[in-house]
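Asker: I have a structure I would like to understand better, so I am pasting it below and will then ask my questions one at a time.
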2 protein chains.
Amino acid sequence: MDFVSELKSKSKFIEEKIKRYMPKEEGYQKTVFEAMNYSLDAGGKRLRPILIMEAYKICGGKDDMYIPFSAAIEMIHTYSLIHDDLPALDNDDLRRGKATNHKVFGEAMAILAGDALLSHAFETILGESVKSIYPERGLKASYEISKAAGIYGMIAGQVVDVESEGMKIDKDKLDFIHKNKTAAMIVACMRVGAILANASEEKLQAMTVYGQKIGLAFQIVDDILDIVGDEATLGKNVGSDIENEKSTYPSIFGIEKSWEMAQELVEDAKMQIKDFDESNEFLLNLSEYIVRRKY
Amino acid sequence: MDFVSELKSKSKFIEEKIKRYMPKEEGYQKTVFEAMNYSLDAGGKRLRPILIMEAYKICGGKDDMYIPFSAAIEMIHTYSLIHDDLPALDNDDLRRGKATNHKVFGEAMAILAGDALLSHAFETILGESVKSIYPERGLKASYEISKAAGIYGMIAGQVVDVESEGMKIDKDKLDFIHKNKTAAMIVACMRVGAILANASEEKLQAMTVYGQKIGLAFQIVDDILDIVGDEATLGKNVGSDIENEKSTYPSIFGIEKSWEMAQELVEDAKMQIKDFDESNEFLLNLSEYIVRRKY
């Protein structure tokens with residue numbers, strides 16, 4: 001199986017697993033369940049839940065205790081997109097080729113659906129951890145997710161990104177945004193997988209660095225695709241960064257240099273995982289794929 | 001000391017404790033820290049954090065392991081108010097006598113400040129639980145909070161409340177709203193205190209029922225005060241329920257009958273705590289106070 005087919009098959013596998021943790025669309029509050037499921041079902045690569053699964057496996061994890069965490073990370077990612085798309089923030093009408101949440105359910109419900117996904121992520125992993133035979137691993141992994149999603153993680157990046165719109169910013173600030181807005185959650189995926197598998201401190205460290213490198217590479221490529229990408233393939237409008245006068249890697253360093261930087265980061269990432277006992281071709285190929293992807 | 005002075009003194013005590021868990025207003029993302037602190041510092045009775053403290057004490061808890069949970073519950077309560085006040089939801093300009101969050105920081109930052117408070121609540125309790133000598137109690141208490149704040153708790157009530165605006169609703173639906181929007185978090189406070197104190201199943205059950213009774217009484221009185229209360233004392237506009245054609249206990253049962261129902265609930269609540277080994281005058285008086293309060 002080639003890598004893209006393998007990625008698709010893993011996406012499909014993890015989607016099925018995640019669905020079990022989503023609410024049935026019944027009860028007085030069913031509109032919010034519909035809104036949550038609408039955005040969660042909107043597709044995407046499911047990169048984050050897959051990363052948790054692969055990190056768990058490469059660290060020697062054997063069963064499926066990672067699955068609620070994979071579900072939670074995708075819920076948190078989805079909540080961040082719903083709120084990001086709101087009129088008061090990016091005011092986007094289109095996401096993954098579908099109307100954005102507030103376009104379908106209205107602003108009030110989109111705000112509540114985001115809140116609901118964030119809360120339900122924690123309810124899912126804490127509930128599973130309480131029942132788990134390893135509650136302390138579940139607790140530690142949940143803490144990792146809360147940090148990455150929080151005010152010194154994803155939200156920090158989001159805040160500075162919003163405040164920097166239409167302004168020239170320097171590389172320090174841009175790195176702060178990338179590190180927090182995108183990389184923090186990707187690093188958390190790697191760490192959660194490692195923690196659930198009870199990995200050694202050394203392996204946890206390797207997973208952390210792998211996540212940092214591919215997280216930054218992923219964001220640089222995202223910014224490049226916003227300039228050179230194809231709207232139909234990406235399923236979203238391109239050129240929005242230039243339109244919003246956002247500072248990005250390509251706007252500071254140019255496209256060629258940005259590609260080179262992304263490629264270097266990916267080589268560094270691959271170094272981190274080559275000495276693990278469990279081989280993981282998928283994680284090696286995934287890092288390559290990040291700089292070769294078209295969407 | 002009379003009860004109101006005692007309540008004020010406890011509010012002040014808990015406010016000081018909570019502050020330690022709030023972010024310092026520095027760093028690239030400091031605007032969101034300012035927005036979080038602005039609403040958290042806006043006062044209020046601090047009823048929920050006090051309930052955790054008192055439930056912890058009446059169940060025999062001796063140290064201060066409840067404090068991060070008290071902080072978290074107030075953060076979650078505050079996030080719910082910030083999002084509730086947004087133009088797309090209740091569109092309120094005034095809260096506790098101060099301009100609402102989005103009036104001061106703008107809509108984008110108010111949405112992010114709410115997200116930030118919710119995330120930071122979990123980061124706070126999970127971080128403390130990881131370090132705790134009783135991590136499993138911390139985990140269980142965190143799970144209680146996630147359930148109460150979530151899609152079968154506070155958010156459920158909020159969703160149905162928003163969707164019911166301007167509509168006549170029956171008592172079933174109204175009870176669903178009250179039970180979830182207000183009582184769920186109050187019940188969680190009582191349960192969190194009990195769980196942290198490692199209470200027996202029987203005591204946990206008594207705390208749960210106490211919370212259900214005072215939670216519903218609190219909401220009924222809130223609705224009555226929206227009709228008969230004084231704007232200056234309440235620190236918010238009155239008459240908004242009638243203006244928004246909201247169904248409430250007084251609109252369904254009349255003011256007199258609603259008072260009676262609230263008083264009965266309070267008597268039931270008091271029954272729950274009279275046989276505890278630790279006496280707790282404060283919890284007895286608090287339930288009385290709920291039906292006597294003016295704000």
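Residues in the structure tokens are named by chain (A, B, ... in the order shown) and by number from 1 within that chain; ligands are numbered from 1 in the order shown.
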Considering only C-alpha atoms, extract the chain A residues located within 6 Å of chain B and return them as a list in words.

Answerer: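 Filtering chain A at 6 Å from chain B with only C-alpha atoms gives Gln29, Ala88, Leu89, Glu107, Ala108, Ala116, Ser119, His120, Glu123, Leu126, Tyr143, Ser146, Lys147, Gly150, Ile151, Ala156, Val159 and Val160 of chain A.
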
Asker: Those selected residues, please, written with N, CA, C and O atoms and delivered as a compact mmCIF listing (two decimals), in the first residue's frame.

Answerer:
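See part-v1.txt below for the written result:
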```txt
# COMPACT_ATOMS: atom_id res chain seq x y z
N GLN A 29 -31.37 18.95 23.95
CA GLN A 29 -30.23 19.73 23.47
C GLN A 29 -29.68 19.22 22.14
O GLN A 29 -28.53 19.48 21.79
N ALA A 88 -16.53 37.11 14.29
CA ALA A 88 -15.68 38.00 15.11
C ALA A 88 -14.20 37.65 14.98
O ALA A 88 -13.34 38.45 15.33
N LEU A 89 -13.90 36.44 14.47
CA LEU A 89 -12.50 36.06 14.32
C LEU A 89 -12.15 36.06 12.82
O LEU A 89 -12.07 37.11 12.22
N GLU A 107 -24.58 31.77 14.76
CA GLU A 107 -23.43 32.10 15.62
C GLU A 107 -23.57 31.57 17.03
O GLU A 107 -22.61 31.05 17.60
N ALA A 108 -24.76 31.73 17.64
CA ALA A 108 -24.94 31.31 19.04
C ALA A 108 -24.63 29.81 19.16
O ALA A 108 -23.86 29.39 20.04
N ALA A 116 -18.93 23.03 23.65
CA ALA A 116 -19.37 21.66 23.89
C ALA A 116 -18.27 20.65 23.52
O ALA A 116 -18.03 19.69 24.25
N SER A 119 -15.46 20.81 26.16
CA SER A 119 -15.87 20.15 27.40
C SER A 119 -15.96 18.64 27.22
O SER A 119 -15.54 17.87 28.09
N HIS A 120 -16.54 18.24 26.08
CA HIS A 120 -16.74 16.81 25.86
C HIS A 120 -15.41 16.06 25.68
O HIS A 120 -15.30 14.87 26.02
N GLU A 123 -14.43 15.43 29.23
CA GLU A 123 -15.34 14.43 29.82
C GLU A 123 -14.99 13.04 29.31
O GLU A 123 -14.99 12.06 30.07
N LEU A 126 -11.38 11.92 30.80
CA LEU A 126 -11.40 11.76 32.26
C LEU A 126 -12.29 10.57 32.64
O LEU A 126 -11.94 9.79 33.53
N TYR A 143 -3.62 15.81 31.43
CA TYR A 143 -2.95 17.06 31.79
C TYR A 143 -2.15 17.61 30.60
O TYR A 143 -2.17 18.81 30.32
N SER A 146 -4.54 19.30 28.32
CA SER A 146 -5.04 20.58 28.84
C SER A 146 -3.99 21.68 28.69
O SER A 146 -4.33 22.83 28.38
N LYS A 147 -2.73 21.33 28.91
CA LYS A 147 -1.67 22.33 28.75
C LYS A 147 -1.54 22.78 27.29
O LYS A 147 -1.43 23.97 26.99
N GLY A 150 -4.29 25.02 26.12
CA GLY A 150 -4.57 26.13 27.02
C GLY A 150 -3.88 27.44 26.73
O GLY A 150 -3.42 27.71 25.62
N ILE A 151 -3.79 28.25 27.78
CA ILE A 151 -3.36 29.64 27.63
C ILE A 151 -1.86 29.80 27.44
O ILE A 151 -1.39 30.89 27.13
N ALA A 156 -2.84 30.67 23.35
CA ALA A 156 -1.83 31.73 23.27
C ALA A 156 -1.53 32.04 21.80
O ALA A 156 -1.50 33.21 21.38
N VAL A 159 -4.54 33.81 20.13
CA VAL A 159 -4.68 35.21 20.57
C VAL A 159 -3.70 36.11 19.82
O VAL A 159 -4.07 37.17 19.28
N VAL A 160 -2.43 35.69 19.77
CA VAL A 160 -1.42 36.53 19.14
C VAL A 160 -1.65 36.58 17.62
O VAL A 160 -1.45 37.62 16.98
```

Asker: I want to know what sits within 9 Å of Lys8 of chain A, based on only C-alpha atoms, with residues of the same chain fewer than 5 positions away left out; could you give that as a PyMOL selection string?

Answerer: chain A and resi 3+13+45

Asker: Name the residues in contact with Phe276 of chain B at a cut-off of 9 Å, using only C-alpha atoms, excluding same-chain residues fewer than 2 positions from it; report them as a PDB file with all heavy atoms, in the first residue's frame.

Answerer:
```pdb
ATOM      1  N   ILE B  58     -17.411  19.555  55.655  1.00  0.00           N
ATOM      2  CA  ILE B  58     -18.457  18.785  56.339  1.00  0.00           C
ATOM      3  C   ILE B  58     -18.225  17.283  56.150  1.00  0.00           C
ATOM      4  O   ILE B  58     -18.664  16.469  56.967  1.00  0.00           O
ATOM      5  CB  ILE B  58     -19.878  19.196  55.865  1.00  0.00           C
ATOM      6  CG1 ILE B  58     -20.941  18.731  56.883  1.00  0.00           C
ATOM      7  CG2 ILE B  58     -20.221  18.664  54.506  1.00  0.00           C
ATOM      8  CD1 ILE B  58     -22.360  19.169  56.557  1.00  0.00           C
ATOM      9  N   CYS B  59     -17.498  16.921  55.086  1.00  0.00           N
ATOM     10  CA  CYS B  59     -17.166  15.507  54.863  1.00  0.00           C
ATOM     11  C   CYS B  59     -15.848  15.112  55.539  1.00  0.00           C
ATOM     12  O   CYS B  59     -15.311  14.025  55.285  1.00  0.00           O
ATOM     13  CB  CYS B  59     -17.125  15.190  53.380  1.00  0.00           C
ATOM     14  SG  CYS B  59     -18.766  15.272  52.613  1.00  0.00           S
ATOM     15  N   LYS B 203     -22.643   9.726  52.360  1.00  0.00           N
ATOM     16  CA  LYS B 203     -22.429  11.170  52.464  1.00  0.00           C
ATOM     17  C   LYS B 203     -22.397  11.828  51.087  1.00  0.00           C
ATOM     18  O   LYS B 203     -22.920  12.929  50.901  1.00  0.00           O
ATOM     19  CB  LYS B 203     -21.120  11.464  53.204  1.00  0.00           C
ATOM     20  CG  LYS B 203     -21.246  11.281  54.709  1.00  0.00           C
ATOM     21  CD  LYS B 203     -19.963  11.622  55.424  1.00  0.00           C
ATOM     22  CE  LYS B 203     -20.176  11.508  56.935  1.00  0.00           C
ATOM     23  NZ  LYS B 203     -18.928  11.691  57.688  1.00  0.00           N
ATOM     24  N   GLN B 272     -30.809  17.087  54.585  1.00  0.00           N
ATOM     25  CA  GLN B 272     -29.707  16.247  54.115  1.00  0.00           C
ATOM     26  C   GLN B 272     -28.462  16.354  54.984  1.00  0.00           C
ATOM     27  O   GLN B 272     -27.648  15.438  55.025  1.00  0.00           O
ATOM     28  CB  GLN B 272     -29.318  16.627  52.671  1.00  0.00           C
ATOM     29  CG  GLN B 272     -30.407  16.384  51.651  1.00  0.00           C
ATOM     30  CD  GLN B 272     -30.758  14.919  51.536  1.00  0.00           C
ATOM     31  OE1 GLN B 272     -29.880  14.059  51.555  1.00  0.00           O
ATOM     32  NE2 GLN B 272     -32.047  14.619  51.436  1.00  0.00           N
ATOM     33  N   ILE B 273     -28.269  17.514  55.604  1.00  0.00           N
ATOM     34  CA  ILE B 273     -26.980  17.726  56.271  1.00  0.00           C
ATOM     35  C   ILE B 273     -27.086  17.739  57.791  1.00  0.00           C
ATOM     36  O   ILE B 273     -26.102  17.963  58.476  1.00  0.00           O
ATOM     37  CB  ILE B 273     -26.292  19.033  55.797  1.00  0.00           C
ATOM     38  CG1 ILE B 273     -27.250  20.226  55.896  1.00  0.00           C
ATOM     39  CG2 ILE B 273     -25.783  18.884  54.373  1.00  0.00           C
ATOM     40  CD1 ILE B 273     -26.567  21.549  55.570  1.00  0.00           C
ATOM     41  N   LYS B 274     -28.265  17.441  58.321  1.00  0.00           N
ATOM     42  CA  LYS B 274     -28.390  17.593  59.776  1.00  0.00           C
ATOM     43  C   LYS B 274     -27.737  16.441  60.553  1.00  0.00           C
ATOM     44  O   LYS B 274     -27.408  16.612  61.716  1.00  0.00           O
ATOM     45  CB  LYS B 274     -29.843  17.825  60.186  1.00  0.00           C
ATOM     46  CG  LYS B 274     -30.776  16.670  59.972  1.00  0.00           C
ATOM     47  CD  LYS B 274     -32.174  17.011  60.508  1.00  0.00           C
ATOM     48  CE  LYS B 274     -33.146  15.861  60.299  1.00  0.00           C
ATOM     49  NZ  LYS B 274     -32.631  14.485  60.324  1.00  0.00           N
ATOM     50  N   GLU B 278     -19.570  16.194  61.445  1.00  0.00           N
ATOM     51  CA  GLU B 278     -19.086  17.571  61.478  1.00  0.00           C
ATOM     52  C   GLU B 278     -20.312  18.465  61.363  1.00  0.00           C
ATOM     53  O   GLU B 278     -21.094  18.317  60.434  1.00  0.00           O
ATOM     54  CB  GLU B 278     -18.190  17.856  60.260  1.00  0.00           C
ATOM     55  CG  GLU B 278     -17.130  16.823  59.982  1.00  0.00           C
ATOM     56  CD  GLU B 278     -15.853  17.124  60.737  1.00  0.00           C
ATOM     57  OE1 GLU B 278     -15.602  18.313  61.004  1.00  0.00           O
ATOM     58  OE2 GLU B 278     -15.123  16.171  61.048  1.00  0.00           O
ATOM     59  N   SER B 279     -20.481  19.390  62.282  1.00  0.00           N
ATOM     60  CA  SER B 279     -21.616  20.286  62.115  1.00  0.00           C
ATOM     61  C   SER B 279     -21.208  21.350  61.111  1.00  0.00           C
ATOM     62  O   SER B 279     -20.039  21.651  60.929  1.00  0.00           O
ATOM     63  CB  SER B 279     -22.013  20.924  63.435  1.00  0.00           C
ATOM     64  OG  SER B 279     -21.189  22.031  63.688  1.00  0.00           O
ATOM     65  N   ASN B 280     -22.144  21.868  60.391  1.00  0.00           N
ATOM     66  CA  ASN B 280     -21.827  22.940  59.470  1.00  0.00           C
ATOM     67  C   ASN B 280     -22.965  23.955  59.441  1.00  0.00           C
ATOM     68  O   ASN B 280     -23.857  23.892  58.614  1.00  0.00           O
ATOM     69  CB  ASN B 280     -21.533  22.376  58.067  1.00  0.00           C
ATOM     70  CG  ASN B 280     -20.878  23.424  57.168  1.00  0.00           C
ATOM     71  OD1 ASN B 280     -21.298  24.567  57.136  1.00  0.00           O
ATOM     72  ND2 ASN B 280     -19.833  23.028  56.455  1.00  0.00           N
TER      73      ASN B 280
END
```

Asker: Using DSSP secondary structure from the backbone, list all helix (DSSP H, G or I) positions within segment 66-230 of chain B, as a ChimeraX atom specification.

Answerer: /B:67-85,101-105,107-131,135-149,154-163,171-196,201-228

Asker: Select, from B:Asp222, B:Lys98, B:Lys171, B:Ser287, the residue with the minimum atom-to-atom distance to Ile255 of chain B, counting only C-alpha atoms.

Answerer: B:Asp222

Asker: Work out how far apart atom CA of Phe218 of chain A and atom CA of Val104 of chain A are and give it in Å to one decimal.

Answerer: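 Going from atom CA of Phe218 of chain A over to atom CA of Val104 of chain A covers 29.1 Å.
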
Asker: I'd like the interatomic distance between atom CA of His178 of chain B and atom CA of Asn101 of chain B, to a tenth of an Å.

Answerer: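 Answer for the atom CA of His178 of chain B to atom CA of Asn101 of chain B separation: 24.4 Å.
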
Asker: Separation of atom CA of Ile290 of chain A and atom CA of Gly215 of chain A, in Å?

Answerer: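 That distance, rounded to one decimal, is 9.4 Å.
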
Asker: For Leu7 of chain B, list every protein, DNA or RNA residue within 12 Å, evaluated using only C-alpha atoms, and leave out those in the same chain fewer than 6 positions away; present the list as a PyMOL selection string.

Answerer: chain B and resi 1+13-14+44-47+49-51+54+281-283+285-286+289-290+293

Asker: For Gly61 of chain A, please output as an NGL selection string all residues within 7 Å (counting only C-alpha atoms; exclusion window: fewer than 3 positions along the same chain).

Answerer: :A and (56-57 or 197)

Asker: Limited to N, CA, C and O atoms, could you put the picked residues into a file as a PDB file, in the first residue's frame?

Answerer:
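File out_28.pdb, as written:
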```pdb
ATOM      1  N   TYR A  56       1.838   5.954  20.370  1.00  0.00           N
ATOM      2  CA  TYR A  56       1.534   4.876  21.333  1.00  0.00           C
ATOM      3  C   TYR A  56       2.180   3.576  20.869  1.00  0.00           C
ATOM      4  O   TYR A  56       2.834   2.873  21.651  1.00  0.00           O
ATOM      5  N   LYS A  57       2.034   3.288  19.581  1.00  0.00           N
ATOM      6  CA  LYS A  57       2.578   2.025  19.051  1.00  0.00           C
ATOM      7  C   LYS A  57       4.103   1.999  19.059  1.00  0.00           C
ATOM      8  O   LYS A  57       4.702   1.006  19.444  1.00  0.00           O
ATOM      9  N   ALA A 197       1.673   4.707  26.807  1.00  0.00           N
ATOM     10  CA  ALA A 197       2.447   3.466  26.631  1.00  0.00           C
ATOM     11  C   ALA A 197       3.500   3.307  27.723  1.00  0.00           C
ATOM     12  O   ALA A 197       4.304   2.367  27.687  1.00  0.00           O
TER      13      ALA A 197
END
```

Asker: Just the strand (DSSP E or B) stuff from segment 77-234 of chain A, please, per backbone DSSP, written as a list in words.

Answerer: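 Those in segment 77-234 of chain A that DSSP calls strand (DSSP E or B) are Leu94, Arg95, Lys98 and Ala99 of chain A.
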
Asker: Can you pull out every residue within 8 Å of Ala269 of chain B, counting only C-alpha atoms, but drop anything in the same chain fewer than 6 positions away, and send it as a PyMOL selection string?

Answerer: chain B and resi 209-211+213-214+287

Asker: Please save C-alpha atoms of the selected residues as a PDB file, in the first residue's frame.

Answerer:
```pdb
ATOM      1  CA  VAL B 209     -29.287  15.843  47.014  1.00  0.00           C
ATOM      2  CA  TYR B 210     -28.389  18.989  48.996  1.00  0.00           C
ATOM      3  CA  GLY B 211     -26.883  20.410  45.790  1.00  0.00           C
ATOM      4  CA  LYS B 213     -32.307  21.150  46.109  1.00  0.00           C
ATOM      5  CA  ILE B 214     -30.405  24.394  46.656  1.00  0.00           C
ATOM      6  CA  SER B 287     -29.629  27.355  52.226  1.00  0.00           C
TER       7      SER B 287
END
```

Asker: Quick one: of A:Arg96, A:His77, A:Lys246, A:Lys103, who's nearest to Leu174 of chain A, counting only C-alpha atoms?

Answerer: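 Looking at the shortest contact to Leu174 of chain A, the residue is A:Lys246.
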